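Novice: Just so it is clear, I am handing over entry.txt, which has compact mmCIF, C-alpha atoms.
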```txt
# COMPACT_ATOMS: atom_id res chain seq x y z
CA MET A 1 160.01 105.01 129.84
CA ALA A 2 162.88 107.39 129.45
CA THR A 3 165.32 104.48 129.38
CA ALA A 4 163.34 102.70 126.69
CA THR A 5 163.51 105.79 124.51
CA THR A 6 167.21 106.14 125.26
CA SER A 7 168.17 102.64 124.19
CA LYS A 8 165.91 102.75 121.17
CA ALA A 9 167.45 106.03 120.13
CA SER A 10 171.00 104.78 120.64
CA ARG A 11 170.31 101.62 118.65
CA MET A 12 168.91 103.70 115.84
CA GLY A 13 171.84 106.11 115.97
CA GLU A 14 174.32 103.25 115.71
CA GLU A 15 172.38 101.66 112.89
CA ILE A 16 172.17 104.82 110.83
CA TRP A 17 175.82 105.67 111.47
CA LYS A 18 176.86 102.24 110.24
CA THR A 19 174.69 101.95 107.18
CA ARG A 20 173.50 105.27 105.85
CA VAL A 21 176.11 107.89 106.48
CA ASP A 22 178.96 108.93 104.21
CA LYS A 23 182.09 109.47 106.32
CA ILE A 24 184.93 111.89 105.86
CA SER A 25 188.22 112.22 107.65
CA ALA A 26 187.77 113.96 111.00
CA GLU A 27 190.78 116.18 110.30
CA VAL A 28 189.15 117.57 107.17
CA LEU A 29 186.16 118.68 109.19
CA THR A 30 188.22 119.95 112.11
CA LEU A 31 190.63 121.94 109.98
CA THR A 32 187.95 123.33 107.67
CA TYR A 33 185.85 124.53 110.57
CA GLY A 34 188.95 125.84 112.33
CA THR A 35 189.99 127.86 109.30
CA LEU A 36 186.49 129.25 109.03
CA VAL A 37 186.44 130.43 112.63
CA ALA A 38 189.97 131.82 112.42
CA GLN A 39 189.07 133.74 109.26
CA LEU A 40 185.95 135.16 110.91
CA CYS A 41 188.12 136.25 113.81
CA ARG A 42 190.39 138.08 111.38
CA ASP A 43 187.53 139.65 109.43
CA LEU A 44 185.18 140.77 112.18
CA THR A 45 186.99 143.43 114.14
CA LEU A 46 185.77 145.91 116.73
CA PRO A 47 184.85 149.33 115.35
CA ASN A 48 187.86 151.63 114.92
CA THR A 49 190.43 148.88 115.41
CA ALA A 50 192.50 147.01 112.86
CA SER A 51 193.18 143.76 114.63
CA GLN A 52 190.97 143.46 117.71
CA THR A 53 188.45 140.76 117.04
CA ASP A 54 184.82 141.37 117.90
CA TYR A 55 184.21 137.94 119.40
CA LEU A 56 180.55 138.60 120.07
CA ALA A 57 180.10 139.26 116.37
CA VAL A 58 181.96 136.03 115.60
CA ASN A 59 179.62 134.12 117.92
CA ALA A 60 176.61 135.69 116.24
CA GLU A 61 177.93 134.94 112.78
CA LEU A 62 178.64 131.29 113.66
CA ASP A 63 175.16 131.00 115.09
CA ARG A 64 173.67 132.48 111.94
CA MET A 65 175.63 130.08 109.74
CA GLY A 66 174.53 127.19 111.92
CA TYR A 67 170.92 128.32 111.67
CA ALA A 68 171.12 128.23 107.87
CA ILE A 69 172.70 124.77 108.06
CA GLY A 70 170.06 123.52 110.48
CA LEU A 71 167.19 124.61 108.26
CA ARG A 72 168.43 122.22 105.56
CA LEU A 73 170.06 119.57 107.69
CA ILE A 74 166.78 118.60 109.34
CA GLU A 75 165.52 117.31 105.99
CA ASP A 76 168.56 115.08 105.63
CA PHE A 77 168.14 113.95 109.21
CA LEU A 78 164.49 113.02 108.74
CA ALA A 79 165.20 111.25 105.46
CA LYS A 80 167.88 109.08 107.03
CA SER A 81 165.95 108.30 110.19
CA GLN A 82 162.66 107.49 108.47
CA ASN A 83 161.09 105.30 111.06
CA THR A 84 161.65 107.56 114.06
CA GLY A 85 158.07 108.62 114.20
CA HIS A 86 156.98 111.66 116.12
CA CYS A 87 158.64 112.64 119.33
CA SER A 88 155.78 112.82 121.79
CA ASN A 89 157.52 115.14 124.22
CA PHE A 90 160.57 117.35 124.60
CA ARG A 91 162.41 114.71 126.61
CA GLU A 92 162.29 112.42 123.61
CA VAL A 93 163.47 115.28 121.43
CA ALA A 94 166.52 115.60 123.65
CA GLU A 95 167.27 111.89 123.41
CA VAL A 96 166.92 111.83 119.65
CA ILE A 97 169.12 114.92 119.20
CA SER A 98 171.83 113.38 121.31
CA LYS A 99 171.70 109.71 120.32
CA VAL A 100 170.66 110.00 116.67
CA GLY A 101 171.38 113.53 115.50
CA PHE A 102 174.84 114.07 116.94
CA LYS A 103 175.75 110.44 116.27
CA MET A 104 174.71 110.73 112.63
CA PHE A 105 176.58 113.91 111.81
CA LEU A 106 179.50 114.02 114.24
CA ASN A 107 179.77 110.47 115.60
CA VAL A 108 179.62 111.67 119.18
CA VAL A 109 176.85 111.12 121.70
CA PRO A 110 176.54 114.02 124.10
CA GLU A 111 175.03 113.20 127.44
CA VAL A 112 171.64 114.73 128.21
CA ARG A 113 171.86 116.28 131.64
CA GLY A 114 170.35 118.96 133.80
CA TRP A 115 166.77 118.30 132.79
CA GLN A 116 164.44 121.07 133.86
CA GLY A 117 160.68 121.19 133.47
CA PRO A 118 157.47 119.36 134.23
CA PRO A 119 157.33 115.55 134.03
CA ALA A 120 157.26 113.96 130.59
CA GLY A 121 153.99 114.40 128.78
CA GLU A 122 152.90 117.41 130.79
CA GLU A 123 154.92 120.09 129.06
CA GLY A 124 151.74 122.01 128.40
CA ALA A 125 151.56 122.77 132.10
CA GLY A 126 153.93 125.66 131.58
CA GLY A 127 157.21 126.61 133.15
CA PRO A 128 160.55 126.50 131.39
CA VAL A 129 161.58 123.29 129.66
CA ALA A 130 165.28 122.88 129.12
CA PHE A 131 168.13 120.38 129.00
CA SER A 132 171.90 120.40 128.65
CA LEU A 133 174.01 118.49 126.18
CA VAL A 134 177.42 117.62 127.58
CA LEU A 135 180.01 116.84 124.91
CA GLU A 136 182.66 114.42 126.13
CA GLU A 137 184.68 115.09 123.03
CA ASN A 138 184.14 117.77 120.46
CA PRO A 139 185.31 116.92 116.93
CA LEU A 140 185.16 120.59 115.95
CA ALA A 141 187.61 121.69 118.60
CA GLU A 142 190.38 119.11 118.21
CA PHE A 143 193.90 120.70 118.26
CA VAL A 144 192.40 124.12 119.03
CA GLU A 145 193.89 126.57 121.48
CA LEU A 146 192.10 129.90 121.70
CA PRO A 147 194.12 133.05 120.94
CA ASP A 148 195.78 134.39 124.10
CA ASP A 149 194.74 138.00 123.63
CA GLY A 150 193.02 138.01 127.01
CA ARG A 151 189.52 138.25 125.55
CA ALA A 152 188.94 135.14 123.46
CA GLN A 153 188.92 133.01 126.60
CA ASP A 154 186.00 135.01 127.97
CA GLU A 155 184.07 135.92 124.85
CA LEU A 156 184.44 133.41 122.03
CA TRP A 157 182.23 130.33 121.88
CA TYR A 158 184.34 128.39 119.41
CA SER A 159 181.74 125.75 118.48
CA ASN A 160 178.81 128.15 118.40
CA VAL A 161 177.76 126.84 115.00
CA LEU A 162 176.19 123.87 116.82
CA CYS A 163 173.77 126.17 118.67
CA GLY A 164 172.61 127.61 115.37
CA VAL A 165 172.19 124.15 113.87
CA LEU A 166 169.93 123.04 116.71
CA ARG A 167 167.92 126.24 116.58
CA GLY A 168 167.45 126.01 112.80
CA ALA A 169 166.66 122.31 112.73
CA LEU A 170 164.14 122.41 115.56
CA GLU A 171 162.43 125.44 114.12
CA MET A 172 161.66 123.43 110.99
CA VAL A 173 159.84 120.87 113.11
CA GLN A 174 157.71 123.42 114.96
CA MET A 175 159.86 123.98 117.99
CA GLN A 176 161.29 127.36 118.77
CA VAL A 177 164.27 126.91 121.05
CA GLU A 178 167.06 128.97 122.44
CA ALA A 179 170.43 127.23 122.39
CA ARG A 180 173.66 128.52 123.81
CA PHE A 181 176.94 127.27 125.22
CA THR A 182 177.37 127.50 128.96
CA SER A 183 180.88 126.08 129.21
CA ASP A 184 183.70 124.94 126.95
CA VAL A 185 186.89 123.03 127.71
CA LEU A 186 188.70 125.42 125.37
CA ARG A 187 188.07 128.15 127.92
CA GLY A 188 189.49 125.97 130.67
CA HIS A 189 186.15 124.67 131.96
CA GLU A 190 185.62 121.11 133.10
CA SER A 191 183.26 120.18 130.30
CA THR A 192 181.73 121.40 127.07
CA GLU A 193 178.06 122.02 127.65
CA MET A 194 175.17 123.48 125.65
CA ARG A 195 171.89 124.56 127.17
CA VAL A 196 168.78 124.10 125.03
CA THR A 197 165.60 125.82 126.21
CA LEU A 198 162.21 125.34 124.62
CA VAL A 199 160.58 128.69 123.95
CA ARG A 200 157.33 127.46 122.48
CA TYR A 201 155.79 125.02 120.05
CA LEU A 202 155.09 126.83 116.81
CA GLN A 203 151.62 126.64 115.33
CA ASP A 204 150.98 126.77 111.63
CA GLU A 205 150.46 130.44 111.15
CA LEU A 206 149.06 132.11 108.11
CA PRO A 207 151.01 135.05 106.76
CA ALA A 208 149.53 138.30 108.04
CA ASP A 209 148.32 139.56 104.66
CA ASP A 210 146.82 136.27 103.53
CA ASP A 211 143.06 136.46 103.08
CA MET B 212 224.87 120.28 132.45
CA SER B 213 222.50 122.67 130.72
CA TYR B 214 220.54 122.81 127.52
CA HIS B 215 219.22 125.56 125.32
CA PHE B 216 216.51 124.52 122.88
CA ALA B 217 215.26 126.72 120.06
CA ILE B 218 212.95 126.43 117.09
CA VAL B 219 213.92 128.43 114.04
CA GLY B 220 211.36 129.07 111.30
CA THR B 221 211.70 128.75 107.56
CA ARG B 222 212.92 132.32 107.20
CA ASP B 223 215.54 131.81 109.92
CA ASN B 224 213.25 133.63 112.33
CA PRO B 225 213.16 132.47 115.96
CA LEU B 226 209.86 130.83 116.96
CA PHE B 227 210.47 129.39 120.39
CA ASP B 228 213.23 128.95 122.93
CA LEU B 229 213.65 127.25 126.25
CA ASP B 230 216.52 126.79 128.73
CA PHE B 231 216.62 123.73 130.92
CA GLY B 232 219.01 121.40 132.70
CA THR B 233 219.27 117.66 132.91
CA SER B 234 216.99 115.74 135.20
CA LYS B 235 219.13 112.60 135.01
CA LEU B 236 221.87 111.69 137.48
CA GLY B 237 220.44 113.85 140.23
CA GLY B 238 220.22 116.99 138.09
CA ASP B 239 217.71 119.59 139.22
CA GLY B 240 216.27 120.20 135.74
CA LEU B 241 217.31 123.85 135.81
CA SER B 242 219.73 125.51 133.47
CA HIS B 243 222.94 126.90 134.95
CA PHE B 244 224.04 129.13 132.13
CA LYS B 245 225.91 132.27 133.11
CA PRO B 246 224.01 135.52 132.51
CA GLU B 247 226.08 136.38 129.45
CA ALA B 248 225.24 132.97 127.97
CA ALA B 249 221.65 134.04 127.36
CA HIS B 250 222.48 135.98 124.23
CA MET B 251 225.61 133.97 123.40
CA ASN B 252 223.54 130.80 123.18
CA GLN B 253 221.19 132.38 120.67
CA PHE B 254 224.17 133.66 118.73
CA ILE B 255 225.86 130.25 118.69
CA LEU B 256 222.68 128.47 117.64
CA HIS B 257 221.95 130.86 114.82
CA ALA B 258 225.57 130.68 113.69
CA SER B 259 225.14 126.94 113.33
CA LEU B 260 222.38 127.43 110.77
CA ASP B 261 225.10 127.64 108.12
CA MET B 262 226.16 124.14 109.07
CA VAL B 263 222.55 122.98 108.87
CA GLU B 264 222.31 124.17 105.30
CA GLU B 265 225.45 122.27 104.43
CA VAL B 266 224.40 119.05 106.05
CA GLN B 267 220.70 118.95 105.27
CA TRP B 268 220.96 117.91 101.63
CA ALA B 269 223.58 115.28 102.34
CA ASN B 270 221.32 113.48 104.76
CA LYS B 271 218.09 111.59 104.26
CA ASP B 272 217.23 111.57 107.93
CA LEU B 273 215.35 114.44 109.56
CA TYR B 274 217.62 114.19 112.57
CA LEU B 275 221.02 115.58 111.50
CA LYS B 276 222.79 114.61 114.75
CA LYS B 277 225.58 116.82 116.02
CA ILE B 278 226.24 119.51 113.48
CA ASP B 279 228.38 122.09 115.23
CA SER B 280 230.33 122.88 118.37
CA TYR B 281 231.69 126.01 119.94
CA GLN B 282 233.87 125.93 123.05
CA ASN B 283 232.24 123.18 125.07
CA ASN B 284 228.81 123.67 123.52
CA SER B 285 227.55 121.10 121.04
CA ILE B 286 224.60 121.66 118.77
CA HIS B 287 222.26 118.96 117.56
CA CYS B 288 219.71 119.67 114.86
CA PHE B 289 216.42 118.17 113.74
CA LEU B 290 214.76 119.40 110.57
CA THR B 291 211.04 119.14 109.97
CA ALA B 292 209.76 118.37 106.50
CA THR B 293 208.94 122.04 105.96
CA ASN B 294 212.47 123.14 106.87
CA VAL B 295 211.73 124.34 110.37
CA LYS B 296 214.82 123.77 112.47
CA PHE B 297 214.82 122.36 116.00
CA LEU B 298 218.21 123.20 117.52
CA LEU B 299 219.46 121.82 120.80
CA LEU B 300 222.59 123.26 122.37
CA MET B 301 224.12 121.17 125.15
CA ASN B 302 226.82 122.19 127.54
CA PRO B 303 228.23 119.78 130.16
CA ASP B 304 229.52 122.55 132.42
CA PRO B 305 228.26 126.03 131.58
CA SER B 306 230.10 127.70 134.45
CA ALA B 307 233.38 126.76 132.79
CA THR B 308 232.57 128.32 129.43
CA PRO B 309 234.61 131.54 129.15
CA TYR B 310 232.44 133.38 126.63
CA SER B 311 234.14 136.75 127.02
CA GLN B 312 237.82 135.76 126.95
CA HIS B 313 237.54 133.10 124.32
CA THR B 314 240.65 132.64 122.15
CA PRO B 315 240.91 130.10 119.38
CA GLY B 316 242.84 127.11 120.61
CA THR B 317 241.26 126.83 124.03
CA THR B 318 238.46 124.85 122.53
CA THR B 319 240.35 121.58 122.69
CA SER B 320 241.78 121.86 126.20
CA PRO B 321 239.27 120.77 128.85
CA PRO B 322 237.92 123.62 130.99
CA PRO B 323 239.34 123.57 134.53
CA ARG B 324 236.17 122.85 136.44
CA ALA B 325 235.10 120.15 134.08
CA ALA B 326 238.40 118.41 134.83
CA ALA B 327 237.73 118.66 138.55
CA ASN B 328 234.54 116.71 138.39
CA ALA B 329 235.35 114.80 135.24
CA LYS B 330 234.33 111.57 136.85
CA HIS B 331 230.78 112.81 137.35
CA SER B 332 230.42 114.64 134.07
CA ALA B 333 231.87 111.81 132.00
CA THR B 334 228.57 110.01 132.36
CA LEU B 335 226.54 113.00 131.22
CA LEU B 336 225.01 113.00 127.76
CA ALA B 337 226.49 116.37 126.89
CA ALA B 338 230.01 115.21 127.76
CA ASN B 339 229.80 112.76 124.86
CA PRO B 340 227.80 114.71 122.30
CA SER B 341 228.47 112.22 119.51
CA SER B 342 227.96 109.01 121.41
CA PRO B 343 225.14 106.70 120.34
CA GLN B 344 223.39 107.11 123.71
CA THR B 345 223.29 110.87 123.35
CA GLU B 346 222.13 110.67 119.77
CA GLU B 347 219.39 108.25 120.69
CA ALA B 348 218.20 110.39 123.60
CA VAL B 349 218.15 113.52 121.47
CA ARG B 350 216.41 111.66 118.65
CA VAL B 351 213.59 110.56 120.94
CA PHE B 352 213.36 114.04 122.48
CA MET B 353 213.16 115.66 119.05
CA GLY B 354 210.54 113.12 117.98
CA GLU B 355 208.32 114.12 120.87
CA VAL B 356 208.81 117.79 120.26
CA TYR B 357 208.01 117.25 116.57
CA GLU B 358 204.74 115.57 117.51
CA SER B 359 203.79 118.49 119.76
CA TYR B 360 204.87 120.94 117.08
CA VAL B 361 202.60 119.26 114.52
CA LYS B 362 199.67 119.52 116.93
CA CYS B 363 200.53 123.16 117.45
CA THR B 364 200.52 123.91 113.72
CA LEU B 365 197.12 122.22 113.38
CA ASN B 366 195.66 124.86 115.67
CA PRO B 367 193.62 127.08 113.34
CA PHE B 368 194.72 130.20 115.19
CA TYR B 369 198.39 129.47 114.52
CA ARG B 370 199.91 130.80 111.32
CA ALA B 371 203.09 129.37 109.77
CA ASN B 372 206.26 131.05 111.07
CA GLN B 373 204.37 132.71 113.89
CA ILE B 374 206.08 132.76 117.30
CA ILE B 375 204.83 129.87 119.42
CA THR B 376 203.32 131.25 122.60
CA SER B 377 201.20 128.27 123.59
CA PRO B 378 201.80 127.31 127.22
CA ILE B 379 200.63 123.79 126.37
CA PHE B 380 203.41 123.39 123.82
CA ARG B 381 205.97 124.76 126.28
CA SER B 382 204.94 122.33 128.99
CA ARG B 383 205.04 119.43 126.51
CA VAL B 384 208.60 120.32 125.56
CA GLN B 385 209.54 120.59 129.22
CA ALA B 386 208.02 117.19 129.90
CA ALA B 387 209.94 115.63 127.00
CA ALA B 388 213.16 117.26 128.21
CA LYS B 389 212.63 115.92 131.71
CA LYS B 390 211.94 112.45 130.38
CA TYR B 391 214.82 112.02 127.97
CA LEU B 392 217.62 114.53 128.59
```
Now that the file is in, can you turn its structure into structure tokens?

Specialist:
Amino acid sequence: MATATTSKASRMGEEIWKTRVDKISAEVLTLTYGTLVAQLCRDLTLPNTASQTDYLAVNAELDRMGYAIGLRLIEDFLAKSQNTGHCSNFREVAEVISKVGFKMFLNVVPEVRGWQGPPAGEEGAGGPVAFSLVLEENPLAEFVELPDDGRAQDELWYSNVLCGVLRGALEMVQMQVEARFTSDVLRGHESTEMRVTLVRYLQDELPADDD
Amino acid sequence: MSYHFAIVGTRDNPLFDLDFGTSKLGGDGLSHFKPEAAHMNQFILHASLDMVEEVQWANKDLYLKKIDSYQNNSIHCFLTATNVKFLLLMNPDPSATPYSQHTPGTTTSPPPRAAANAKHSATLLAANPSSPQTEEAVRVFMGEVYESYVKCTLNPFYRANQIITSPIFRSRVQAAAKKYL
């Protein structure tokens, strides 16, 4: 069943990429994002220092930006992939994010790996539900070498905007997730990997003061 | 046979330098400059910048070939489009270069040790700094370094005219040197 979803999702990703997506030069994206991160690194400094970057603040800021992007991007995603239908379980969500979402916006297909949780269709049973997205290539991080100040290698998640995007987009479709990077080739790791954990399905909630 | 390679920025500020030897003809790839050559080489290279300014507008090519020589050092230059200078100093026999007792006029007479193993060194690139083979080898080397340099400048954390500290860039230059020089 999982394989059926996978091939359906990859076909759809290919189709949408070919027919419905406006493309720009990869360098434009890479350099724009790079400049943004570098500027954040210059602007956000540790308290009482002039030039020491607060990388944790940079990570948080990138995540926040990504969240704001995700909140809007999901609409574009749903409009372009009209006939997806509902994802019936979180496994399908993972496949669609990887094969359709990433394909549509970045033209890469991260591998879904490290699945954790109950069998498909029984997510209600409880226990953590999570998966990893392994990026073979990362269009955001082309040409990048992290600053060699001894801290960036351990603290900065250069592509952290992607975590925010996933968090924002999934929140708009009633899934609260926690997304974070667990490894990055820029830091010298073997692969670039994000971990996405489902926190809960959101219910339609009325505002507290609504009678 | 030793080389000294340096990149000089648009404000004549040093960005990068590297010493190495030839890996051809059984060379060990290490530089054999005398200790006093370390600062003399920088001095000689930066002195040749005057020649670069003279030659650069008379030449359409980015590779300016051999632009200067001092004692038995020859300097080749490659200009990038943004006027960053790649300078390569080559010396066929650094142990024979008498930096401290240099008098004008000794430049033309061959240094004694070079004469002793002239047969070996005659085939070295640096012994014929203006020969087509040398020019071609340096051209290809510079082309590779240029490519790596472009990648380096595309790194968002690198600012123009900043000293290049990237170990990746350094190893790429070393690889190109090993391959072509």

Novice: Pick out the closest residue to chain A from this set: B:Gly354, B:Gly238, B:Pro378, B:Gly220. Count all atoms listed in the file.

Specialist: B:Pro378

Novice: Could you list, as a ChimeraX atom specification, every residue within 9 Å of Glu111 in chain A, counting only C-alpha atoms and ignoring same-chain residues fewer than 6 positions away?

Specialist: /A:95,98-99,132-136

Novice: Considering only C-alpha atoms, extract the chain B residues located within 8 Å of chain A and return them as a count of residues only.

Specialist: 7

Novice: Would you mind reading off the distance between CA of Thr182 in chain A and CA of Ser7 in chain A, one decimal, in Å?

Specialist: 26.9 Å

Novice: Between CA of Asn302 in chain B and CA of Asn284 in chain B, what is the distance in Å, rounded to a tenth?

Specialist: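 It comes out at 4.7 Å.
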
Novice: Could you check which of A:Met65, A:Met12, A:Leu202, A:Cys163 is closest to Phe181 in chain A, using only C-alpha atoms?

Specialist: A:Cys163

Novice: Kindly list the centre and edge lengths in Å, rounded to one decimal, for the axis-aligned box that covers all listed atoms of range 342-360 of chain B plus 5 Å on each of its six sides, as JSON.

Specialist:
```
{"center_x": 215.9, "center_y": 113.8, "center_z": 120.1, "size_x": 34.2, "size_y": 24.2, "size_z": 17.1}
```

Novice: Because some atoms of range 282-299 of chain B are absent here, can you restore N, CA, C and O atoms and send them as a PDB file, in the coordinates of the input?

Specialist:
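Output file selection-v2.pdb is given in full below:
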```pdb
ATOM      1  N   GLN B 282     233.365 126.151 121.700  1.00  0.00           N
ATOM      2  CA  GLN B 282     233.870 125.930 123.050  1.00  0.00           C
ATOM      3  C   GLN B 282     233.357 124.574 123.523  1.00  0.00           C
ATOM      4  O   GLN B 282     233.497 123.593 122.820  1.00  0.00           O
ATOM      5  N   ASN B 283     232.738 124.507 124.688  1.00  0.00           N
ATOM      6  CA  ASN B 283     232.240 123.180 125.070  1.00  0.00           C
ATOM      7  C   ASN B 283     230.727 123.033 124.814  1.00  0.00           C
ATOM      8  O   ASN B 283     230.080 122.205 125.421  1.00  0.00           O
ATOM      9  N   ASN B 284     230.208 123.846 123.926  1.00  0.00           N
ATOM     10  CA  ASN B 284     228.810 123.670 123.520  1.00  0.00           C
ATOM     11  C   ASN B 284     228.751 122.765 122.289  1.00  0.00           C
ATOM     12  O   ASN B 284     229.547 122.935 121.370  1.00  0.00           O
ATOM     13  N   SER B 285     227.781 121.860 122.272  1.00  0.00           N
ATOM     14  CA  SER B 285     227.550 121.100 121.040  1.00  0.00           C
ATOM     15  C   SER B 285     226.128 121.343 120.593  1.00  0.00           C
ATOM     16  O   SER B 285     225.235 121.488 121.424  1.00  0.00           O
ATOM     17  N   ILE B 286     225.929 121.364 119.297  1.00  0.00           N
ATOM     18  CA  ILE B 286     224.600 121.660 118.770  1.00  0.00           C
ATOM     19  C   ILE B 286     224.101 120.480 117.941  1.00  0.00           C
ATOM     20  O   ILE B 286     224.766 120.041 117.007  1.00  0.00           O
ATOM     21  N   HIS B 287     222.933 119.992 118.324  1.00  0.00           N
ATOM     22  CA  HIS B 287     222.260 118.960 117.560  1.00  0.00           C
ATOM     23  C   HIS B 287     221.094 119.598 116.817  1.00  0.00           C
ATOM     24  O   HIS B 287     220.483 120.535 117.320  1.00  0.00           O
ATOM     25  N   CYS B 288     220.793 119.071 115.644  1.00  0.00           N
ATOM     26  CA  CYS B 288     219.710 119.670 114.860  1.00  0.00           C
ATOM     27  C   CYS B 288     218.738 118.624 114.346  1.00  0.00           C
ATOM     28  O   CYS B 288     219.125 117.503 113.993  1.00  0.00           O
ATOM     29  N   PHE B 289     217.476 119.007 114.325  1.00  0.00           N
ATOM     30  CA  PHE B 289     216.420 118.170 113.740  1.00  0.00           C
ATOM     31  C   PHE B 289     215.640 119.074 112.790  1.00  0.00           C
ATOM     32  O   PHE B 289     215.250 120.180 113.162  1.00  0.00           O
ATOM     33  N   LEU B 290     215.477 118.603 111.559  1.00  0.00           N
ATOM     34  CA  LEU B 290     214.760 119.400 110.570  1.00  0.00           C
ATOM     35  C   LEU B 290     213.370 118.824 110.390  1.00  0.00           C
ATOM     36  O   LEU B 290     213.209 117.619 110.285  1.00  0.00           O
ATOM     37  N   THR B 291     212.358 119.665 110.335  1.00  0.00           N
ATOM     38  CA  THR B 291     211.040 119.140 109.970  1.00  0.00           C
ATOM     39  C   THR B 291     210.958 119.132 108.443  1.00  0.00           C
ATOM     40  O   THR B 291     211.796 119.721 107.760  1.00  0.00           O
ATOM     41  N   ALA B 292     209.911 118.497 107.947  1.00  0.00           N
ATOM     42  CA  ALA B 292     209.760 118.370 106.500  1.00  0.00           C
ATOM     43  C   ALA B 292     209.595 119.730 105.825  1.00  0.00           C
ATOM     44  O   ALA B 292     209.891 119.897 104.651  1.00  0.00           O
ATOM     45  N   THR B 293     209.126 120.704 106.551  1.00  0.00           N
ATOM     46  CA  THR B 293     208.940 122.040 105.960  1.00  0.00           C
ATOM     47  C   THR B 293     210.103 122.966 106.268  1.00  0.00           C
ATOM     48  O   THR B 293     209.974 124.175 106.164  1.00  0.00           O
ATOM     49  N   ASN B 294     211.245 122.372 106.661  1.00  0.00           N
ATOM     50  CA  ASN B 294     212.470 123.140 106.870  1.00  0.00           C
ATOM     51  C   ASN B 294     212.398 124.070 108.095  1.00  0.00           C
ATOM     52  O   ASN B 294     213.006 125.132 108.104  1.00  0.00           O
ATOM     53  N   VAL B 295     211.654 123.656 109.081  1.00  0.00           N
ATOM     54  CA  VAL B 295     211.730 124.340 110.370  1.00  0.00           C
ATOM     55  C   VAL B 295     212.806 123.613 111.168  1.00  0.00           C
ATOM     56  O   VAL B 295     212.874 122.390 111.145  1.00  0.00           O
ATOM     57  N   LYS B 296     213.682 124.375 111.796  1.00  0.00           N
ATOM     58  CA  LYS B 296     214.820 123.770 112.470  1.00  0.00           C
ATOM     59  C   LYS B 296     214.590 123.702 113.974  1.00  0.00           C
ATOM     60  O   LYS B 296     214.220 124.695 114.589  1.00  0.00           O
ATOM     61  N   PHE B 297     214.801 122.510 114.547  1.00  0.00           N
ATOM     62  CA  PHE B 297     214.820 122.360 116.000  1.00  0.00           C
ATOM     63  C   PHE B 297     216.302 122.265 116.387  1.00  0.00           C
ATOM     64  O   PHE B 297     216.977 121.333 115.981  1.00  0.00           O
ATOM     65  N   LEU B 298     216.795 123.210 117.158  1.00  0.00           N
ATOM     66  CA  LEU B 298     218.210 123.200 117.520  1.00  0.00           C
ATOM     67  C   LEU B 298     218.352 123.005 119.017  1.00  0.00           C
ATOM     68  O   LEU B 298     217.677 123.665 119.807  1.00  0.00           O
ATOM     69  N   LEU B 299     219.232 122.084 119.386  1.00  0.00           N
ATOM     70  CA  LEU B 299     219.460 121.820 120.800  1.00  0.00           C
ATOM     71  C   LEU B 299     220.939 122.024 121.097  1.00  0.00           C
ATOM     72  O   LEU B 299     221.790 121.346 120.529  1.00  0.00           O
TER      73      LEU B 299
END
```
